[in-house]
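Please read the structure below before turning to the comments.
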4 protein chains.
Amino acid sequence: MVTVDLNADVGEAFGAWSMGDDASVLACVSSANVACGFHAGDPQVMDKTVALCARLRVAVGAHPGYFDLRGFGRRPLAEAPPEVEADVLYQVGALAVFAGAHGVPLVHVKPHGALYNQAARDEALARAVARGVARAGRDLVLVGLASSAVMRRAAEAEGLRFAAEAFADRRYEADGSLQSRQREGALLTDPGAVVAQALSIACEGFAIAADGSRVPIRADTLCLHGDTPGAVENARQVRASLAAAGVRIAPLSR
Amino acid sequence: MVTVDLNADVGEAFGAWSMGDDASVLACVSSANVACGFHAGDPQVMDKTVALCARLRVAVGAHPGYFDLRGFGRRPLAEAPPEVEADVLYQVGALAVFAGAHGVPLVHVKPHGALYNQAARDEALARAVARGVARAGRDLVLVGLASSAVMRRAAEAEGLRFAAEAFADRRYEADGSLQSRQREGALLTDPGAVVAQALSIACEGFAIAADGSRVPIRADTLCLHGDTPGAVENARQVRASLAAAGVRIAPLSR
Amino acid sequence: MVTVDLNADVGEAFGAWSMGDDASVLACVSSANVACGFHAGDPQVMDKTVALCARLRVAVGAHPGYFDLRGFGRRPLAEAPPEVEADVLYQVGALAVFAGAHGVPLVHVKPHGALYNQAARDEALARAVARGVARAGRDLVLVGLASSAVMRRAAEAEGLRFAAEAFADRRYEADGSLQSRQREGALLTDPGAVVAQALSIACEGFAIAADGSRVPIRADTLCLHGDTPGAVENARQVRASLAAAGVRIAPLSR
Amino acid sequence: MVTVDLNADVGEAFGAWSMGDDASVLACVSSANVACGFHAGDPQVMDKTVALCARLRVAVGAHPGYFDLRGFGRRPLAEAPPEVEADVLYQVGALAVFAGAHGVPLVHVKPHGALYNQAARDEALARAVARGVARAGRDLVLVGLASSAVMRRAAEAEGLRFAAEAFADRRYEADGSLQSRQREGALLTDPGAVVAQALSIACEGFAIAADGSRVPIRADTLCLHGDTPGAVENARQVRASLAAAGVRIAPLSR
């Protein structure tokens with residue numbers, strides 16, 4: 001039986017500002033990546049978000065990013081590896097204590113935005129992320145881009161389980177990388193296309209790349225989005241279609 | 001035999017900015033209050049500071065403050081109790097993970113600056129601080145102003161040990177409160193006076209108040225400062241004089 | 001002929017986070033209070049917001065607040081008067097350059113949130129705000145709570161014109177102060193009540209206080225809100241009703 | 001008669017943290033680059049720093065950087081050109097109002113740290129910086145790396161005067177670029193070498209590059225540092241030696 005995790009980024013409000021519809025998207029997923037206060041989220045948002053995850057029985061993970069509220073952690077930053085390591089350790093620790101306070105384990109860590117993308121390509125950065133996670137706990141699962149050998153090796157070098165992540169609503173290139181968001185069509189919005197890609201990755205291990213070729217993608221977890229009404233509806237359909245296809249949806253574990 | 005803890009605030013650098021001489025003051029104390037990134041400190045500073053504490057065998061505590069780098073956490077802020085609780089929990093969790101990574105326990109939590117002063121007087125704030133600490137771990141010791149019944153009750157209500165703190169270099173009022181820093185002479189700078197007050201509090205349980213009266217102060221821990229060259233020298237003399245007087249200097253424990 | 005200014009707080013997005021519907025509320029008012037980056041707003045948001053005001057021929061004012069993104073500038077902070085003065089000067093200067101770049105004058109300054117409320121009562125704070133504004137330009141109009149003699153005197157002491165502000169959708173106390181938002185009914189939501197209060201203040205110079213008495217309010221400008229769909233609709237009706245009643249709506253001027 | 005400007009970065013304290021010895025270095029220079037609150041500086045620091053410049057008759061310039069206190073604006077950041085333009089405009093406006101309040105003109109703008117270095121090489125970034133400056137005022141002088149044709153062209157395209165900057169205490173490469181700080185010897189610390197390079201650039205128009213060759217450098221302004229005791233002493237000697245050699249030291253002007 002095929003098993004896959006469904007994950008979503010949540011807890012990205014900040015102070016008076018809200019972001020997305022966490023309750024709706026959490027109803028669709030098995031794992032939550034909770035913002036840790038550097039690119040989004042604040043302590044009270046984290047407290048409420050972890051409480052919601054605990055109530056909905058969604059596995060809690062940390063979603064550390066660059067210390068860049070203005071840029072929502074999406075702007076590449078030349079941060080030295082020791083800084084990245086300490087930043088990841090700090091954020092994972094901060095989120096872990098909320099998980100503990102709500103009586104649930106911290107299961108995984110998924111870097112956010114520019115840190116995720118840069119670490120997928122840069123050996124030193126990937127190692128810094130993995131070291132930060134491993135210093136917080138060797139039983140944590142490190143989530144990274146399925147096609148990133150760099151991230152996989154970094155996780156394994158630190159004794160961490162690596163969980164390969166794929167995207168139901170992003171167009172892939174033939175080499176397994178994500179098509180740049182600059183390119184038209186990089187984001188799948190048609191519900192049928194999103195569901196089809198989710199099914200094809202989860203059940204058959206491939207996606208249709210931008211050039212029409214089949215690109216093999218072995219994914220432990222699929223990322224769903226919830227920051228637009230359309231995204232939430234797509235997330236619901238992905239979950240329903242996977243279930244209908246007999247796929248078991250379950251959180252990551254060591 | 002009389003036992004007392006000596007504590008100091010450390011790790012208050014931020015990015016390119018330094019603050020005080022941590023190595024020198026840590027050589028004098030048994031406990032360190034490490035800034036957690038809200039009023040001072042950043043993840044790399046925390047990592048290095050905890051490493052230094054571990055090497056010098058100084059007990060590690062968290063020093064959470066208001067999210068106010070500009071004001072160094074010294075400006076009273078009307079933050080709602082649930083925000084304070086989440087802020088404390090966040091910062092304690094962030095520091096705890098560095099302690100764990102360096103193989104040392106997190107022993108105590110001492111609020112910083114305006115949060116310390118406001119919580120000493122405000123029941124709801126004291127309860128919020130204590131709840132934040134207790135949610136991070138009921139074996140943590142909560143450090144507060146010796147004369148604050150409010151803080152003591154809040155700690156006890158959450159099942160935390162309360163450690164009463166006194167100051168060797170601050171002038172006391174007859175009611176056990178600290179004289180306002182606005183008042184001339186509120187800060188003792190004469191080394192002899194600082195040492196005398198430390199000895200009198202630790203060994204005899206009182207200080208001479210501003211009005212000349214004896215004010216009883218039962219202290220579990222004495223705060224030393226290290227942010228000026230004079231302060232470091234005073235800290236050295238306090239430690240030496242206490243040792244010469246047969247006082248045992250030891251960190252707090254549950 | 002009765003003339004009144006209608007003002008709204010705008011430009012309160014920050015980075016990836018949006019806030020309210022500026023375009024809709026700007027269509028209803030004659031003056032805009034543009035956030036300056038301390039409690040909300042960032043340079044690009046300011047650039048776009050001032051461009052929008054210029055296009056819609058809405059007078060541009062600065063809306064300085066405490067340096068407190070987390071609290072949206074709504075949390076009272078014990079900031080020393082010289083800091084407040086410099087903070088106001090800084091924010092007014094930052095906004096003024098955007099106004100200049102878009103070829104429109106900076107007309108007024110209205111403090112935001114906790115700074116507005118604290119300065120309405122605290123003489124030293126009100127003087128600090130007024131000095132900050134006056135140092136940026138003596139031809140600027142300082143907007144403050146209509147019933148605040150403190151703010152009026154501070155403005156006049158610095159040679160600034162004071163513009164008295166009233167609220168169409170806030171319940172007044174008999175002494176002309178605003179009812180605390182903690183109290184039920186402090187915020188008028190019924191469109192009829194909002195329009196009635198706007199008309200009564202603008203045309204007759206009074207409002208009906210919480211205790212049923214008539215409280216005299218002489219207002220140069222009425223504040224409208226646009227952060228909820230209901231608020232925008234109320235703003236539209238207030239404008240239409242004032243126009244229908246023959247009130248001339250025009251921005252403030254020296 | 002040879003004329004050159006001497007400039008220094010000042011006002012880089014923040015809240016409780018100090019940085020360098022502004023009074024000493026300002027005694028050596030004709031122009032000051034004042035931090036604007038994004039990478040360092042805060043409104044009160046800016047107020048005091050501009051007051052000090054005015055008293056010492058040192059020309060005031062803005063020193064805008066990335067919104068990155070943690071990294072002191074030294075970390076390259078992938079900020080989009082429209083953001084950079086707005087950030088520069090904001091910071092220049094904020095500083096300009098302090099200059100105005102102290103009755104002195106704002107003369108020049110020199111980008112800080114990573115923004116300076118990235119804009120020296122990146123056409124789009126240089127244009128964004130120049131546009132931000134030009135929108136604040138076309139009579140402002142834009143200071144950039146002497147060898148950067150990119151910055152010179154960007155300034156000229158916006159109708160700004162470009163002032164070429166050279167460094168007395170940085171080793172040059174044969175192509176006129178600065179040797180990377182990673183390389184040993186990139187920073188000249190020997191006072192004789194610093195003075196010799198200052199004289200050779202100011203009077204003869206060249207420096208001796210790392211490979212021993214003569215690299216032509218035509219400089220309108222020389223940067224001196226004041227963040228270490230040694231740097232301040234070097235700054236004093238550079239000023240004295242230039243004066244002794246008959247060089248006139250004078251601020252930039254349109």
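Scheme for the structure tokens: letters A, B, ... for chains in order shown; per-chain residue numbers from 1; ligand numbers from 1 in order shown.
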Could you please tell me, as a PyMOL selection string, which residues of chain A have an atom within 9 Å of chain C when using only C-alpha atoms? chain A and resi 13-19+42+69-72
Apply DSSP to the structure's backbone, then extract all residues of region 17-58 of chain C labelled alpha helix (DSSP H) and return them as number ranges by chain. C: 22-26, 43-56
note - CA of Asn33 (chain B) and CA of Phe206 (chain B) are separated by 24.4 Å
Please list as a PyMOL selection string every residue within 7 Å of Ala155 (chain A), counting only C-alpha atoms and excluding residues in the same chain fewer than 5 positions away. chain A and resi 130+142+160-162
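The space between CA of Val97 (chain B) and CA of His39 (chain B) spans 18.7 Å.
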Pick out the residues sitting within 6 Å of region 47-63 of chain D, and hand them over as a PyMOL selection string; count only C-alpha atoms, and ignore anything fewer than 4 positions along from it in its own chain. chain D and resi 11+30-35+92+106-112
Give me a file of those residues, with N, CA, C and O atoms, as a PDB file, in the first residue's frame.
ATOM      1  N   GLY D  11      27.688  57.356  13.281  1.00  0.00           N
ATOM      2  CA  GLY D  11      26.300  57.169  13.735  1.00  0.00           C
ATOM      3  C   GLY D  11      25.871  55.719  13.682  1.00  0.00           C
ATOM      4  O   GLY D  11      24.707  55.434  13.409  1.00  0.00           O
ATOM      5  N   SER D  30      36.128  65.670   6.340  1.00  0.00           N
ATOM      6  CA  SER D  30      35.328  66.790   5.858  1.00  0.00           C
ATOM      7  C   SER D  30      33.886  66.374   5.576  1.00  0.00           C
ATOM      8  O   SER D  30      33.006  67.226   5.434  1.00  0.00           O
ATOM      9  N   SER D  31      33.648  65.062   5.477  1.00  0.00           N
ATOM     10  CA  SER D  31      32.295  64.560   5.187  1.00  0.00           C
ATOM     11  C   SER D  31      31.975  63.362   6.061  1.00  0.00           C
ATOM     12  O   SER D  31      32.841  62.514   6.301  1.00  0.00           O
ATOM     13  N   ALA D  32      30.706  63.282   6.491  1.00  0.00           N
ATOM     14  CA  ALA D  32      30.265  62.162   7.321  1.00  0.00           C
ATOM     15  C   ALA D  32      29.156  61.406   6.608  1.00  0.00           C
ATOM     16  O   ALA D  32      28.242  62.018   6.048  1.00  0.00           O
ATOM     17  N   ASN D  33      29.254  60.087   6.638  1.00  0.00           N
ATOM     18  CA  ASN D  33      28.187  59.230   6.126  1.00  0.00           C
ATOM     19  C   ASN D  33      27.420  58.725   7.338  1.00  0.00           C
ATOM     20  O   ASN D  33      27.935  57.910   8.100  1.00  0.00           O
ATOM     21  N   VAL D  34      26.206  59.208   7.515  1.00  0.00           N
ATOM     22  CA  VAL D  34      25.458  58.936   8.740  1.00  0.00           C
ATOM     23  C   VAL D  34      24.470  57.784   8.513  1.00  0.00           C
ATOM     24  O   VAL D  34      23.623  57.857   7.614  1.00  0.00           O
ATOM     25  N   ALA D  35      24.609  56.730   9.324  1.00  0.00           N
ATOM     26  CA  ALA D  35      23.704  55.576   9.234  1.00  0.00           C
ATOM     27  C   ALA D  35      22.262  56.024   9.449  1.00  0.00           C
ATOM     28  O   ALA D  35      21.995  56.945  10.220  1.00  0.00           O
ATOM     29  N   VAL D  92      17.167  58.257   2.877  1.00  0.00           N
ATOM     30  CA  VAL D  92      17.667  59.598   2.564  1.00  0.00           C
ATOM     31  C   VAL D  92      16.703  60.650   3.117  1.00  0.00           C
ATOM     32  O   VAL D  92      17.119  61.657   3.707  1.00  0.00           O
ATOM     33  N   LEU D 106      21.889  68.454   3.295  1.00  0.00           N
ATOM     34  CA  LEU D 106      22.294  67.072   3.023  1.00  0.00           C
ATOM     35  C   LEU D 106      23.065  67.111   1.711  1.00  0.00           C
ATOM     36  O   LEU D 106      22.525  67.543   0.685  1.00  0.00           O
ATOM     37  N   VAL D 107      24.313  66.701   1.743  1.00  0.00           N
ATOM     38  CA  VAL D 107      25.197  66.899   0.592  1.00  0.00           C
ATOM     39  C   VAL D 107      25.305  65.656  -0.289  1.00  0.00           C
ATOM     40  O   VAL D 107      25.225  65.737  -1.504  1.00  0.00           O
ATOM     41  N   HIS D 108      25.497  64.519   0.335  1.00  0.00           N
ATOM     42  CA  HIS D 108      25.791  63.331  -0.468  1.00  0.00           C
ATOM     43  C   HIS D 108      25.096  62.092   0.092  1.00  0.00           C
ATOM     44  O   HIS D 108      24.558  62.099   1.191  1.00  0.00           O
ATOM     45  N   VAL D 109      25.131  61.029  -0.709  1.00  0.00           N
ATOM     46  CA  VAL D 109      24.608  59.731  -0.291  1.00  0.00           C
ATOM     47  C   VAL D 109      25.646  58.678  -0.653  1.00  0.00           C
ATOM     48  O   VAL D 109      26.116  58.631  -1.791  1.00  0.00           O
ATOM     49  N   LYS D 110      26.001  57.868   0.322  1.00  0.00           N
ATOM     50  CA  LYS D 110      26.932  56.765   0.073  1.00  0.00           C
ATOM     51  C   LYS D 110      26.294  55.484   0.572  1.00  0.00           C
ATOM     52  O   LYS D 110      26.063  55.328   1.768  1.00  0.00           O
ATOM     53  N   PRO D 111      25.978  54.546  -0.332  1.00  0.00           N
ATOM     54  CA  PRO D 111      25.395  53.273   0.112  1.00  0.00           C
ATOM     55  C   PRO D 111      26.367  52.550   1.042  1.00  0.00           C
ATOM     56  O   PRO D 111      27.584  52.722   0.959  1.00  0.00           O
ATOM     57  N   HIS D 112      25.813  51.708   1.897  1.00  0.00           N
ATOM     58  CA  HIS D 112      26.608  51.026   2.924  1.00  0.00           C
ATOM     59  C   HIS D 112      26.809  49.542   2.622  1.00  0.00           C
ATOM     60  O   HIS D 112      25.891  48.864   2.151  1.00  0.00           O
TER      61      HIS D 112
END
Spatial neighbours of Ala207 (chain C), 10 Å, only C-alpha atoms, chain gap at least 6 places, as a ChimeraX atom specification: /C:166-168,171-174,176,196-201,213-218
Take CA of Leu224 (chain D) and CA of Asn7 (chain D) and report the distance between them in Å, one decimal.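 Atom-to-atom, CA of Leu224 (chain D) and CA of Asn7 (chain D) are spaced 6.0 Å apart.
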Taking the DSSP assignment computed from this structure's backbone, write out as a PyMOL selection string all residues of region 169-221 of chain A that belong to strand (DSSP E). chain A and resi 206-208+214-216+221
Residues near Ala86 (chain B), cut-off 7 Å, only C-alpha atoms, skip fewer than 6 positions along chain, as an mmCIF file with N, CA and C atoms, in the first residue's frame:
data_model
loop_
_atom_site.group_PDB
_atom_site.id
_atom_site.type_symbol
_atom_site.label_atom_id
_atom_site.label_comp_id
_atom_site.auth_asym_id
_atom_site.auth_seq_id
_atom_site.Cartn_x
_atom_site.Cartn_y
_atom_site.Cartn_z
ATOM 1 N N PRO A 43 5.341 34.499 18.903
ATOM 2 C CA PRO A 43 5.118 33.479 19.929
ATOM 3 C C PRO A 43 3.648 33.129 20.157
ATOM 4 N N GLN A 44 2.761 34.135 20.150
ATOM 5 C CA GLN A 44 1.356 33.809 20.374
ATOM 6 C C GLN A 44 0.755 33.068 19.188
ATOM 7 N N ASP A 47 1.879 29.528 19.515
ATOM 8 C CA ASP A 47 1.142 28.841 20.582
ATOM 9 C C ASP A 47 -0.218 28.368 20.058
ATOM 10 N N GLY B 132 4.584 30.838 31.628
ATOM 11 C CA GLY B 132 5.498 30.612 30.509
ATOM 12 C C GLY B 132 6.659 29.719 30.927
#
For region 232-247 of chain D, find every residue with an atom within 8 Å (counting only C-alpha atoms), except residues of its own chain fewer than 4 positions away, and show them as a count of residues only. 21
